[in-house]
Each structure stands twice: as C-alpha cells, then as structure tokens.
file entry_37.pdb (PDB, C-alpha atoms)
ATOM      1  CA  MET A   1      92.418  82.247  84.702
ATOM      2  CA  GLN A   2      93.879  80.039  81.954
ATOM      3  CA  CYS A   3      91.499  77.161  81.361
ATOM      4  CA  PRO A   4      88.279  76.402  83.277
ATOM      5  CA  ARG A   5      88.193  72.913  81.748
ATOM      6  CA  CYS A   6      91.658  71.968  83.011
ATOM      7  CA  PHE A   7      90.732  73.381  86.429
ATOM      8  CA  TRP A   8      87.468  71.398  86.510
ATOM      9  CA  LEU A   9      89.196  68.154  85.486
ATOM     10  CA  ASP A  10      91.776  68.719  88.207
ATOM     11  CA  VAL A  11      89.501  69.509  91.153
ATOM     12  CA  ARG A  12      86.530  67.306  90.201
ATOM     13  CA  LEU A  13      88.157  64.237  88.640
ATOM     14  CA  LYS A  14      91.775  64.580  89.836
ATOM     15  CA  ILE A  15      93.009  64.535  86.233
ATOM     16  CA  LYS A  16      95.954  66.886  86.335
ATOM     17  CA  ARG A  17      97.853  68.554  83.546
ATOM     18  CA  PRO A  18     101.204  66.928  82.740
ATOM     19  CA  SER A  19     103.779  68.393  85.084
ATOM     20  CA  SER A  20     106.695  70.457  83.825
ATOM     21  CA  PRO A  21     110.302  69.742  84.848
ATOM     22  CA  PRO A  22     111.217  71.205  88.247
ATOM     23  CA  PHE A  23     113.121  74.492  88.165
ATOM     24  CA  ASN A  24     115.772  73.404  90.644
ATOM     25  CA  ILE A  25     118.271  76.146  89.791
ATOM     26  CA  ASN A  26     115.580  78.792  90.248
ATOM     27  CA  LYS A  27     114.640  77.205  93.568
ATOM     28  CA  ALA A  28     118.265  77.285  94.699
ATOM     29  CA  ILE A  29     118.532  80.975  93.823
ATOM     30  CA  ASP A  30     115.321  81.674  95.746
ATOM     31  CA  GLU A  31     116.744  79.990  98.839
ATOM     32  CA  LEU A  32     120.021  81.899  98.580
ATOM     33  CA  PHE A  33     118.181  85.211  98.226
ATOM     34  CA  LYS A  34     116.149  84.382 101.342
ATOM     35  CA  LYS A  35     119.311  83.636 103.313
ATOM     36  CA  GLU A  36     120.859  86.918 102.152
ATOM     37  CA  PHE A  37     117.867  89.057 103.045
ATOM     38  CA  ASP A  38     117.411  87.243 106.364
ATOM     39  CA  VAL A  39     120.890  88.372 107.425
ATOM     40  CA  TYR A  40     119.891  92.016 106.957
ATOM     41  CA  ARG A  41     116.440  91.338 108.420
ATOM     42  CA  GLU A  42     118.041  90.262 111.693
ATOM     43  CA  LYS A  43     120.273  93.329 111.718
ATOM     44  CA  GLY A  44     117.396  95.663 110.849
ATOM     45  CA  GLU A  45     119.362  97.019 107.910
ATOM     46  CA  GLN A  46     118.863  97.479 104.195
ATOM     47  CA  HIS A  47     120.178  94.862 101.802
ATOM     48  CA  PRO A  48     122.694  96.392  99.337
ATOM     49  CA  LEU A  49     120.176  95.865  96.513
ATOM     50  CA  MET A  50     117.802  98.185  98.338
ATOM     51  CA  LYS A  51     120.496 100.838  98.633
ATOM     52  CA  ASP A  52     121.599 100.421  95.025
ATOM     53  CA  ASN A  53     118.024 100.969  93.843
ATOM     54  CA  ASN A  54     117.385 103.973  96.120
ATOM     55  CA  LEU A  55     114.601 102.251  98.040
ATOM     56  CA  ASP A  56     114.768 104.719 100.892
ATOM     57  CA  GLY A  57     113.009 103.705 104.094
ATOM     58  CA  ILE A  58     112.393 100.124 102.923
ATOM     59  CA  LEU A  59     113.605  97.256 105.118
ATOM     60  CA  PRO A  60     113.191  93.469 105.202
ATOM     61  CA  TYR A  61     110.067  92.823 107.296
ATOM     62  CA  LYS A  62     110.297  90.862 110.544
ATOM     63  CA  HIS A  63     107.309  88.788 111.658
ATOM     64  CA  ALA A  64     106.890  85.625 113.713
ATOM     65  CA  GLU A  65     104.861  84.003 110.923
ATOM     66  CA  LEU A  66     107.268  84.824 108.085
ATOM     67  CA  ASP A  67     108.764  81.329 107.805
ATOM     68  CA  LYS A  68     105.268  79.858 107.592
ATOM     69  CA  TRP A  69     104.240  82.416 104.988
ATOM     70  CA  ARG A  70     107.213  81.327 102.863
ATOM     71  CA  GLU A  71     106.580  77.579 103.217
ATOM     72  CA  ASN A  72     105.191  75.853 100.111
ATOM     73  CA  PHE A  73     101.634  74.506 100.455
ATOM     74  CA  VAL A  74     101.219  76.482 103.697
ATOM     75  CA  GLY A  75     101.864  80.153 103.012
ATOM     76  CA  VAL A  76      99.593  83.071 103.816
ATOM     77  CA  VAL A  77      96.131  81.594 104.431
ATOM     78  CA  HIS A  78      92.629  82.975 104.041
ATOM     79  CA  LEU A  79      89.333  81.126 104.427
ATOM     80  CA  HIS A  80      87.009  82.779 101.922
ATOM     81  CA  GLU A  81      83.745  82.996 103.814
ATOM     82  CA  SER A  82      81.134  83.079 101.033
ATOM     83  CA  THR A  83      82.652  80.119  99.134
ATOM     84  CA  ASN A  84      84.274  78.276 102.066
ATOM     85  CA  LEU A  85      87.445  77.933  99.986
ATOM     86  CA  HIS A  86      90.809  77.622 101.753
ATOM     87  CA  LEU A  87      93.121  79.925  99.809
ATOM     88  CA  PHE A  88      96.852  80.196 100.333
ATOM     89  CA  GLY A  89     100.052  81.348  98.677
ATOM     90  CA  ALA A  90     103.716  81.096  99.683
ATOM     91  CA  VAL A  91     105.534  84.412  99.330
ATOM     92  CA  ASP A  92     109.238  84.728  98.596
ATOM     93  CA  ASP A  93     109.751  87.745 100.816
ATOM     94  CA  ILE A  94     108.069  90.708 102.463
ATOM     95  CA  TRP A  95     109.543  94.130 103.031
ATOM     96  CA  SER A  96     108.074  97.157 104.780
ATOM     97  CA  ASP A  97     108.180 100.831 103.853
ATOM     98  CA  LYS A  98     108.713 103.841 106.107
ATOM     99  CA  ASP A  99     104.940 104.033 106.774
ATOM    100  CA  GLY A 100     104.825 100.428 107.951
ATOM    101  CA  LYS A 101     103.017  99.102 104.867
ATOM    102  CA  LEU A 102     103.959  95.594 103.794
ATOM    103  CA  ILE A 103     105.600  95.138 100.402
ATOM    104  CA  VAL A 104     105.295  91.822  98.563
ATOM    105  CA  VAL A 105     108.557  90.724  96.946
ATOM    106  CA  ASP A 106     108.978  87.963  94.393
ATOM    107  CA  TYR A 107     112.329  86.473  93.401
ATOM    108  CA  LYS A 108     112.776  85.434  89.767
ATOM    109  CA  ALA A 109     115.719  83.953  87.883
ATOM    110  CA  THR A 110     116.397  83.274  84.231
ATOM    111  CA  ALA A 111     119.169  83.314  81.630
ATOM    112  CA  LYS A 112     119.001  85.709  78.676
ATOM    113  CA  ASP A 113     121.218  87.728  76.369
ATOM    114  CA  LYS A 114     120.240  90.881  78.250
ATOM    115  CA  PRO A 115     119.263  91.340  81.913
ATOM    116  CA  VAL A 116     115.560  91.515  82.756
ATOM    117  CA  THR A 117     114.757  95.008  84.006
ATOM    118  CA  LYS A 118     110.955  94.933  83.679
ATOM    119  CA  LEU A 119     108.111  92.557  82.932
ATOM    120  CA  GLY A 120     106.886  92.086  79.392
ATOM    121  CA  PRO A 121     103.720  93.827  78.184
ATOM    122  CA  GLU A 122     100.313  92.784  79.454
ATOM    123  CA  GLY A 123      98.709  89.967  77.507
ATOM    124  CA  THR A 124     101.872  87.854  77.578
ATOM    125  CA  TRP A 125     102.806  84.848  79.699
ATOM    126  CA  GLN A 126     104.315  87.178  82.302
ATOM    127  CA  ASP A 127     100.781  88.112  83.339
ATOM    128  CA  MET A 128     101.149  85.009  85.528
ATOM    129  CA  TYR A 129     103.856  86.830  87.472
ATOM    130  CA  ARG A 130     101.609  89.871  87.897
ATOM    131  CA  ARG A 131      98.694  87.769  89.130
ATOM    132  CA  GLN A 132     100.977  85.851  91.469
ATOM    133  CA  MET A 133     102.101  89.026  93.202
ATOM    134  CA  GLU A 134      98.568  90.431  93.324
ATOM    135  CA  ILE A 135      97.253  87.238  94.928
ATOM    136  CA  TYR A 136      99.856  87.583  97.686
ATOM    137  CA  GLN A 137      98.903  91.225  98.204
ATOM    138  CA  TRP A 138      95.225  90.245  98.409
ATOM    139  CA  LEU A 139      95.882  87.415 100.885
ATOM    140  CA  LEU A 140      97.826  89.687 103.219
ATOM    141  CA  LYS A 141      95.069  92.299 103.052
ATOM    142  CA  GLN A 142      92.502  89.635 103.979
ATOM    143  CA  ASN A 143      94.604  88.934 107.063
ATOM    144  CA  GLY A 144      94.260  92.541 108.174
ATOM    145  CA  PHE A 145      97.654  93.889 107.126
ATOM    146  CA  ASP A 146      98.215  97.296 105.582
ATOM    147  CA  VAL A 147      99.713  96.342 102.223
ATOM    148  CA  SER A 148     101.287  98.586  99.629
ATOM    149  CA  ASP A 149      99.930  98.230  96.095
ATOM    150  CA  THR A 150     103.541  98.448  94.918
ATOM    151  CA  GLY A 151     105.473  95.206  95.066
ATOM    152  CA  TYR A 152     108.958  94.432  93.794
ATOM    153  CA  PHE A 153     110.529  91.772  91.619
ATOM    154  CA  VAL A 154     114.110  90.837  92.409
ATOM    155  CA  TYR A 155     115.079  89.454  89.013
ATOM    156  CA  ALA A 156     118.426  87.657  88.520
ATOM    157  CA  THR A 157     119.537  87.074  84.934
ATOM    158  CA  GLY A 158     122.323  84.603  84.234
ATOM    159  CA  THR A 159     124.872  86.077  81.847
ATOM    160  CA  GLN A 160     125.890  84.236  78.685
ATOM    161  CA  ASP A 161     128.672  86.534  77.515
ATOM    162  CA  ARG A 162     131.563  84.941  79.425
ATOM    163  CA  ASP A 163     134.401  82.963  77.815
ATOM    164  CA  GLY A 164     133.396  79.729  79.492
ATOM    165  CA  PHE A 165     131.469  78.041  82.268
ATOM    166  CA  ASN A 166     134.310  77.125  84.694
ATOM    167  CA  ASN A 167     131.694  75.989  87.233
ATOM    168  CA  VAL A 168     130.456  79.558  87.658
ATOM    169  CA  VAL A 169     127.353  81.329  86.333
ATOM    170  CA  GLU A 170     127.318  85.063  86.982
ATOM    171  CA  PHE A 171     124.003  86.869  87.489
ATOM    172  CA  ASP A 172     122.965  90.443  86.884
ATOM    173  CA  THR A 173     120.225  91.268  89.404
ATOM    174  CA  HIS A 174     117.713  94.069  88.966
ATOM    175  CA  VAL A 175     114.973  95.243  91.326
ATOM    176  CA  PHE A 176     111.907  96.815  89.750
ATOM    177  CA  PRO A 177     108.370  97.612  90.948
ATOM    178  CA  HIS A 178     104.961  96.325  89.966
ATOM    179  CA  HIS A 179     101.887  98.360  90.878
ATOM    180  CA  GLY A 180      99.390  95.641  91.708
ATOM    181  CA  ASN A 181      95.627  95.697  91.477
ATOM    182  CA  SER A 182      93.903  92.748  93.151
ATOM    183  CA  ASP A 183      90.334  93.842  92.390
ATOM    184  CA  TRP A 184      89.959  90.854  90.047
ATOM    185  CA  VAL A 185      90.592  88.254  92.763
ATOM    186  CA  GLU A 186      87.189  88.278  94.493
ATOM    187  CA  ASP A 187      85.176  87.637  91.324
ATOM    188  CA  THR A 188      87.665  85.001  90.190
ATOM    189  CA  VAL A 189      87.354  83.093  93.446
ATOM    190  CA  LYS A 190      83.568  83.060  93.059
ATOM    191  CA  LYS A 191      83.907  81.804  89.479
ATOM    192  CA  MET A 192      86.257  79.083  90.705
ATOM    193  CA  LYS A 193      83.580  77.929  93.121
ATOM    194  CA  GLN A 194      80.940  77.886  90.379
ATOM    195  CA  VAL A 195      83.169  75.794  88.133
ATOM    196  CA  MET A 196      84.010  73.389  90.958
ATOM    197  CA  ASP A 197      80.340  72.869  91.830
ATOM    198  CA  SER A 198      79.160  72.372  88.246
ATOM    199  CA  ASP A 199      78.439  68.885  86.908
ATOM    200  CA  GLU A 200      78.988  70.169  83.382
ATOM    201  CA  MET A 201      82.448  70.248  81.841
ATOM    202  CA  PRO A 202      83.271  73.926  81.173
ATOM    203  CA  PRO A 203      84.600  75.271  77.860
ATOM    204  CA  VAL A 204      88.251  75.259  76.890
ATOM    205  CA  GLY A 205      90.218  78.272  78.061
ATOM    206  CA  THR A 206      93.124  80.133  76.492
ATOM    207  CA  ALA A 207      96.861  79.553  76.563
ATOM    208  CA  ALA A 208      99.157  82.073  78.230
ATOM    209  CA  MET A 209     100.121  83.560  74.862
ATOM    210  CA  GLY A 210      96.586  83.514  73.425
ATOM    211  CA  GLY A 211      94.759  80.881  71.436
ATOM    212  CA  PRO A 212      93.112  77.751  72.858
ATOM    213  CA  CYS A 213      94.573  75.927  75.855
ATOM    214  CA  GLU A 214      97.548  73.924  74.603
ATOM    215  CA  HIS A 215      96.802  71.059  76.981
ATOM    216  CA  CYS A 216      93.230  70.732  75.732
ATOM    217  CA  GLU A 217      94.383  70.998  72.114
ATOM    218  CA  TYR A 218      96.822  68.148  72.708
ATOM    219  CA  ALA A 219      94.125  66.022  74.370
ATOM    220  CA  LYS A 220      91.734  66.740  71.493
ATOM    221  CA  ALA A 221      94.280  65.829  68.811
ATOM    222  CA  ARG A 222      95.342  62.661  70.608
ATOM    223  CA  THR A 223      91.745  61.545  71.184
ATOM    224  CA  LYS A 224      90.869  62.106  67.529
ATOM    225  CA  LEU A 225      93.919  60.166  66.378
ATOM    226  CA  THR A 226      93.075  57.301  68.744
ATOM    227  CA  LEU A 227      89.436  57.156  67.632
ATOM    228  CA  ASP A 228      90.442  57.226  63.958
ATOM    229  CA  PHE A 229      92.891  54.388  64.567
ATOM    230  CA  VAL A 230      90.307  52.292  66.414
ATOM    231  CA  GLN A 231      87.752  52.904  63.645
ATOM    232  CA  LYS A 232      90.224  51.739  60.985
ATOM    233  CA  ARG A 233      90.962  48.584  62.971
ATOM    234  CA  LYS A 234      87.261  47.796  63.166
ATOM    235  CA  SER A 235      86.769  48.265  59.442
TER     236      SER A 235
END
call {"tool": "encode", "arguments": {"input": "entry_37.pdb", "output": "structure tokens"}}
result
Amino acid sequence: MQCPRCFWLDVRLKIKRPSSPPFNINKAIDELFKKEFDVYREKGEQHPLMKDNNLDGILPYKHAELDKWRENFVGVVHLHESTNLHLFGAVDDIWSDKDGKLIVVDYKATAKDKPVTKLGPEGTWQDMYRRQMEIYQWLLKQNGFDVSDTGYFVYATGTQDRDGFNNVVEFDTHVFPHHGNSDWVEDTVKKMKQVMDSDEMPPVGTAAMGGPCEHCEYAKARTKLTLDFVQKRKS
C-alpha cells in the first residue's frame, strides 16, 4: 500500500527497510490492557470503559483460539487460495455485540497535549491504523466468523499537564468506533502476488503523508552522492 519497490526488495531480495526503534512503552500498555479486559472476559462482564462509553450489549469475546490470535507472527490465519499466500495478523482484542457479531478492537497509546478522541482525516498516516483494523476484520471473515463492520480503538493518551514526572505518567483513555470497509483487501493481495512474482523492479510508491517513498528517496540521494564521489576520485 505504501511502496511496491520496498515490498519487492524485501520479499525478493531480503533487503529490508531500516527498522524503527521498538515502541516498548506502547507494548507494555497493550499487555496491561489485555490483562484488564481478560479479567472481565472471565467474569462475562463489561469492562468499565464499555460502560462509560455506553456500549450496551458488548462484552469481551471468549474463544479457545484467542491467545493464538493475539500472538505476534501467528495471529488470525488465512491461506488465500488463488495466490497461495499465507496471510495473518495479530489482533489486540475481540469483543462481541448482543447479536453475536465479533468486534475487532485495537489498542493505541501516545502522548499529546490533548487526548486522542478520533483518528485524523483520511489521507494521513493514520490510514495505516484504519487498514490494520480492516485487515483483521477481513481475516476473521475469511475464517467464517460473523464480523461487525464497526471496530473500536481504545486510545490512551499520556498527559503532559502535570507538575512533574514522579515516576508516574497518567493516561486519558477514550474508546471510539471505526466503520471498516475491507473491500480493498482482495485486490491488494492479488497485486502483492503480481509484484512478488515479477522479475522487474516496480516503481517507487508514496510516503504515508504523500510524496515519494522516503526510504527510496534516501536510497536515491545516497547512491547519487556515492557515485559522484567515486567519479571524482577516478578523475
């Protein structure tokens, strides 16, 4: 979705983009949220966040495969028949509504001046969050589950308006919906397969905020600088 060239270099030549620093605090918050919701899952009760946001009839979903669905690099699995691609995604959580439909839930954490109460407009980097949720919805549907098109983000924002740190960061957590549409997934998977099978390097894609892929732009600038330097040495 971002850059076919980076994808091709990764899957064909094992040349990966430089990795970003791990978000260990975000990961810790994810794990704590899971522990919290699991307590209410076992009791068959609503988490207080559900009550506070008037999510009537919605409960944490219990399933024997839930731990596997939440495990990184395992997740919800689907073997796409026409491409023979093994597709998977690890969900943060799943709830169910009063009609028994599954609800995909994604935990997010950040620190801002104001709490996050909704995603940014389409066409911004937060489209990645939308696609992430829609992929999970699609994967569950491929496994035969009745899945609601409405998912929820549980978004914790670290406050910065306290007098000091004192070994405590306080979070303001908001729960808000996203109405997903996974119609784009099927065609994208087929395009992925075409790119993977091609012997030709595909064109440069676009960065999350528009413009050419920042990774490819860096590689281009560095290569040009290197070639210019080598040429000067030869002359």
call {"tool": "residues_around", "arguments": {"input": "entry_37.pdb", "residues": "range 156-159 of chain A", "least_positions_apart": "4", "cutoff": "7 Å", "atoms": "only C-alpha atoms", "output": "JSON, numbers by chain"}}
result
{"A": [108, 109, 110, 111, 112, 113, 115, 116, 169, 170, 171, 172, 173, 174]}
call {"tool": "write_last_selection", "arguments": {"input": "entry_37.pdb", "atoms": "C-alpha atoms", "output": "PDB file, keeping the file's coordinate frame"}}
result
ATOM      1  CA  LYS A 108     112.776  85.434  89.767  1.00  0.00           C
ATOM      2  CA  ALA A 109     115.719  83.953  87.883  1.00  0.00           C
ATOM      3  CA  THR A 110     116.397  83.274  84.231  1.00  0.00           C
ATOM      4  CA  ALA A 111     119.169  83.314  81.630  1.00  0.00           C
ATOM      5  CA  LYS A 112     119.001  85.709  78.676  1.00  0.00           C
ATOM      6  CA  ASP A 113     121.218  87.728  76.369  1.00  0.00           C
ATOM      7  CA  PRO A 115     119.263  91.340  81.913  1.00  0.00           C
ATOM      8  CA  VAL A 116     115.560  91.515  82.756  1.00  0.00           C
ATOM      9  CA  VAL A 169     127.353  81.329  86.333  1.00  0.00           C
ATOM     10  CA  GLU A 170     127.318  85.063  86.982  1.00  0.00           C
ATOM     11  CA  PHE A 171     124.003  86.869  87.489  1.00  0.00           C
ATOM     12  CA  ASP A 172     122.965  90.443  86.884  1.00  0.00           C
ATOM     13  CA  THR A 173     120.225  91.268  89.404  1.00  0.00           C
ATOM     14  CA  HIS A 174     117.713  94.069  88.966  1.00  0.00           C
TER      15      HIS A 174
END
call {"tool": "atom_distance", "arguments": {"input": "entry_37.pdb", "atom1": "CA of Ser82 in chain A", "atom2": "CA of Asp146 in chain A"}}
result
22.7 Å
call {"tool": "closest_residue", "arguments": {"input": "entry_37.pdb", "among": "A:Leu79, A:Leu85, A:Ile58, A:Leu49", "to": "Met196 in chain A", "atoms": "all atoms listed in the file"}}
result
A:Leu85
call {"tool": "atom_distance", "arguments": {"input": "entry_37.pdb", "atom1": "CA of Leu9 in chain A", "atom2": "CA of Asp197 in chain A"}}
result
11.9 Å
call {"tool": "residues_around", "arguments": {"input": "entry_37.pdb", "residues": "range 32-34 of chain A", "least_positions_apart": "4", "cutoff": "9 Å", "atoms": "only C-alpha atoms", "output": "compact mmCIF listing (two decimals) with C-alpha atoms, in the frame of the given file"}}
result
# COMPACT_ATOMS: atom_id res chain seq x y z
CA LYS A 27 114.64 77.20 93.57
CA ALA A 28 118.26 77.28 94.70
CA ASP A 38 117.41 87.24 106.36
CA VAL A 39 120.89 88.37 107.42
CA ASP A 92 109.24 84.73 98.60
CA ASP A 93 109.75 87.74 100.82
CA TYR A 107 112.33 86.47 93.40
call {"tool": "resolve_selection", "arguments": {"input": "entry_37.pdb", "expression": "the PyMOL selection byres ((chain A and resi 117-122) around 9)", "output": "PDB file with C-alpha atoms, in the coordinates of the input"}}
result
ATOM      1  CA  LYS A 114     120.240  90.881  78.250  1.00  0.00           C
ATOM      2  CA  PRO A 115     119.263  91.340  81.913  1.00  0.00           C
ATOM      3  CA  VAL A 116     115.560  91.515  82.756  1.00  0.00           C
ATOM      4  CA  GLY A 123      98.709  89.967  77.507  1.00  0.00           C
ATOM      5  CA  THR A 124     101.872  87.854  77.578  1.00  0.00           C
ATOM      6  CA  TRP A 125     102.806  84.848  79.699  1.00  0.00           C
ATOM      7  CA  GLN A 126     104.315  87.178  82.302  1.00  0.00           C
ATOM      8  CA  ASP A 127     100.781  88.112  83.339  1.00  0.00           C
ATOM      9  CA  TYR A 129     103.856  86.830  87.472  1.00  0.00           C
ATOM     10  CA  ARG A 130     101.609  89.871  87.897  1.00  0.00           C
ATOM     11  CA  PHE A 153     110.529  91.772  91.619  1.00  0.00           C
ATOM     12  CA  TYR A 155     115.079  89.454  89.013  1.00  0.00           C
ATOM     13  CA  THR A 173     120.225  91.268  89.404  1.00  0.00           C
ATOM     14  CA  HIS A 174     117.713  94.069  88.966  1.00  0.00           C
ATOM     15  CA  VAL A 175     114.973  95.243  91.326  1.00  0.00           C
ATOM     16  CA  PHE A 176     111.907  96.815  89.750  1.00  0.00           C
ATOM     17  CA  PRO A 177     108.370  97.612  90.948  1.00  0.00           C
ATOM     18  CA  HIS A 178     104.961  96.325  89.966  1.00  0.00           C
TER      19      HIS A 178
END
call {"tool": "atom_distance", "arguments": {"input": "entry_37.pdb", "atom1": "CA of Ser96 in chain A", "atom2": "CA of Val77 in chain A"}}
result
19.6 Å
call {"tool": "resolve_selection", "arguments": {"input": "entry_37.pdb", "expression": "the PyMOL selection byres ((chain A and resi 180) around 12)", "output": "PyMOL selection string"}}
result
chain A and resi 103-105+127+129-138+147-153+177-179+181-185
call {"tool": "write_last_selection", "arguments": {"input": "entry_37.pdb", "atoms": "C-alpha atoms", "output": "short mmCIF file (atom, residue, chain, number, x, y, z; two decimals), in the frame of the given file"}}
result
data_model
loop_
_atom_site.label_atom_id
_atom_site.label_comp_id
_atom_site.auth_asym_id
_atom_site.auth_seq_id
_atom_site.Cartn_x
_atom_site.Cartn_y
_atom_site.Cartn_z
CA ILE A 103 105.60 95.14 100.40
CA VAL A 104 105.30 91.82 98.56
CA VAL A 105 108.56 90.72 96.95
CA ASP A 127 100.78 88.11 83.34
CA TYR A 129 103.86 86.83 87.47
CA ARG A 130 101.61 89.87 87.90
CA ARG A 131 98.69 87.77 89.13
CA GLN A 132 100.98 85.85 91.47
CA MET A 133 102.10 89.03 93.20
CA GLU A 134 98.57 90.43 93.32
CA ILE A 135 97.25 87.24 94.93
CA TYR A 136 99.86 87.58 97.69
CA GLN A 137 98.90 91.22 98.20
CA TRP A 138 95.22 90.24 98.41
CA VAL A 147 99.71 96.34 102.22
CA SER A 148 101.29 98.59 99.63
CA ASP A 149 99.93 98.23 96.10
CA THR A 150 103.54 98.45 94.92
CA GLY A 151 105.47 95.21 95.07
CA TYR A 152 108.96 94.43 93.79
CA PHE A 153 110.53 91.77 91.62
CA PRO A 177 108.37 97.61 90.95
CA HIS A 178 104.96 96.32 89.97
CA HIS A 179 101.89 98.36 90.88
CA ASN A 181 95.63 95.70 91.48
CA SER A 182 93.90 92.75 93.15
CA ASP A 183 90.33 93.84 92.39
CA TRP A 184 89.96 90.85 90.05
CA VAL A 185 90.59 88.25 92.76
#
call {"tool": "resolve_selection", "arguments": {"input": "entry_37.pdb", "expression": "the PyMOL selection byres ((chain A and resi 80) around 12)", "output": "VMD selection string"}}
result
chain A and resid 77 to 79 81 to 88 138 to 139 142 to 143 185 to 190 192 to 193
call {"tool": "residues_around", "arguments": {"input": "entry_37.pdb", "residues": "His47 in chain A", "least_positions_apart": "2", "cutoff": "12 Å", "atoms": "only C-alpha atoms", "output": "PDB file with C-alpha atoms, in the coordinates of the input"}}
result
ATOM      1  CA  PHE A  33     118.181  85.211  98.226  1.00  0.00           C
ATOM      2  CA  LYS A  34     116.149  84.382 101.342  1.00  0.00           C
ATOM      3  CA  LYS A  35     119.311  83.636 103.313  1.00  0.00           C
ATOM      4  CA  GLU A  36     120.859  86.918 102.152  1.00  0.00           C
ATOM      5  CA  PHE A  37     117.867  89.057 103.045  1.00  0.00           C
ATOM      6  CA  ASP A  38     117.411  87.243 106.364  1.00  0.00           C
ATOM      7  CA  VAL A  39     120.890  88.372 107.425  1.00  0.00           C
ATOM      8  CA  TYR A  40     119.891  92.016 106.957  1.00  0.00           C
ATOM      9  CA  ARG A  41     116.440  91.338 108.420  1.00  0.00           C
ATOM     10  CA  GLU A  42     118.041  90.262 111.693  1.00  0.00           C
ATOM     11  CA  LYS A  43     120.273  93.329 111.718  1.00  0.00           C
ATOM     12  CA  GLY A  44     117.396  95.663 110.849  1.00  0.00           C
ATOM     13  CA  GLU A  45     119.362  97.019 107.910  1.00  0.00           C
ATOM     14  CA  LEU A  49     120.176  95.865  96.513  1.00  0.00           C
ATOM     15  CA  MET A  50     117.802  98.185  98.338  1.00  0.00           C
ATOM     16  CA  LYS A  51     120.496 100.838  98.633  1.00  0.00           C
ATOM     17  CA  ASP A  52     121.599 100.421  95.025  1.00  0.00           C
ATOM     18  CA  ASN A  53     118.024 100.969  93.843  1.00  0.00           C
ATOM     19  CA  ASN A  54     117.385 103.973  96.120  1.00  0.00           C
ATOM     20  CA  LEU A  55     114.601 102.251  98.040  1.00  0.00           C
ATOM     21  CA  ASP A  56     114.768 104.719 100.892  1.00  0.00           C
ATOM     22  CA  GLY A  57     113.009 103.705 104.094  1.00  0.00           C
ATOM     23  CA  ILE A  58     112.393 100.124 102.923  1.00  0.00           C
ATOM     24  CA  LEU A  59     113.605  97.256 105.118  1.00  0.00           C
ATOM     25  CA  PRO A  60     113.191  93.469 105.202  1.00  0.00           C
ATOM     26  CA  TYR A  61     110.067  92.823 107.296  1.00  0.00           C
ATOM     27  CA  TRP A  95     109.543  94.130 103.031  1.00  0.00           C
ATOM     28  CA  VAL A 154     114.110  90.837  92.409  1.00  0.00           C
ATOM     29  CA  VAL A 175     114.973  95.243  91.326  1.00  0.00           C
TER      30      VAL A 175
END
call {"tool": "closest_residue", "arguments": {"input": "entry_37.pdb", "among": "A:Gly164, A:Cys213, A:Ala221, A:Gln46", "to": "Arg17 in chain A", "atoms": "all atoms listed in the file"}}
result
A:Cys213
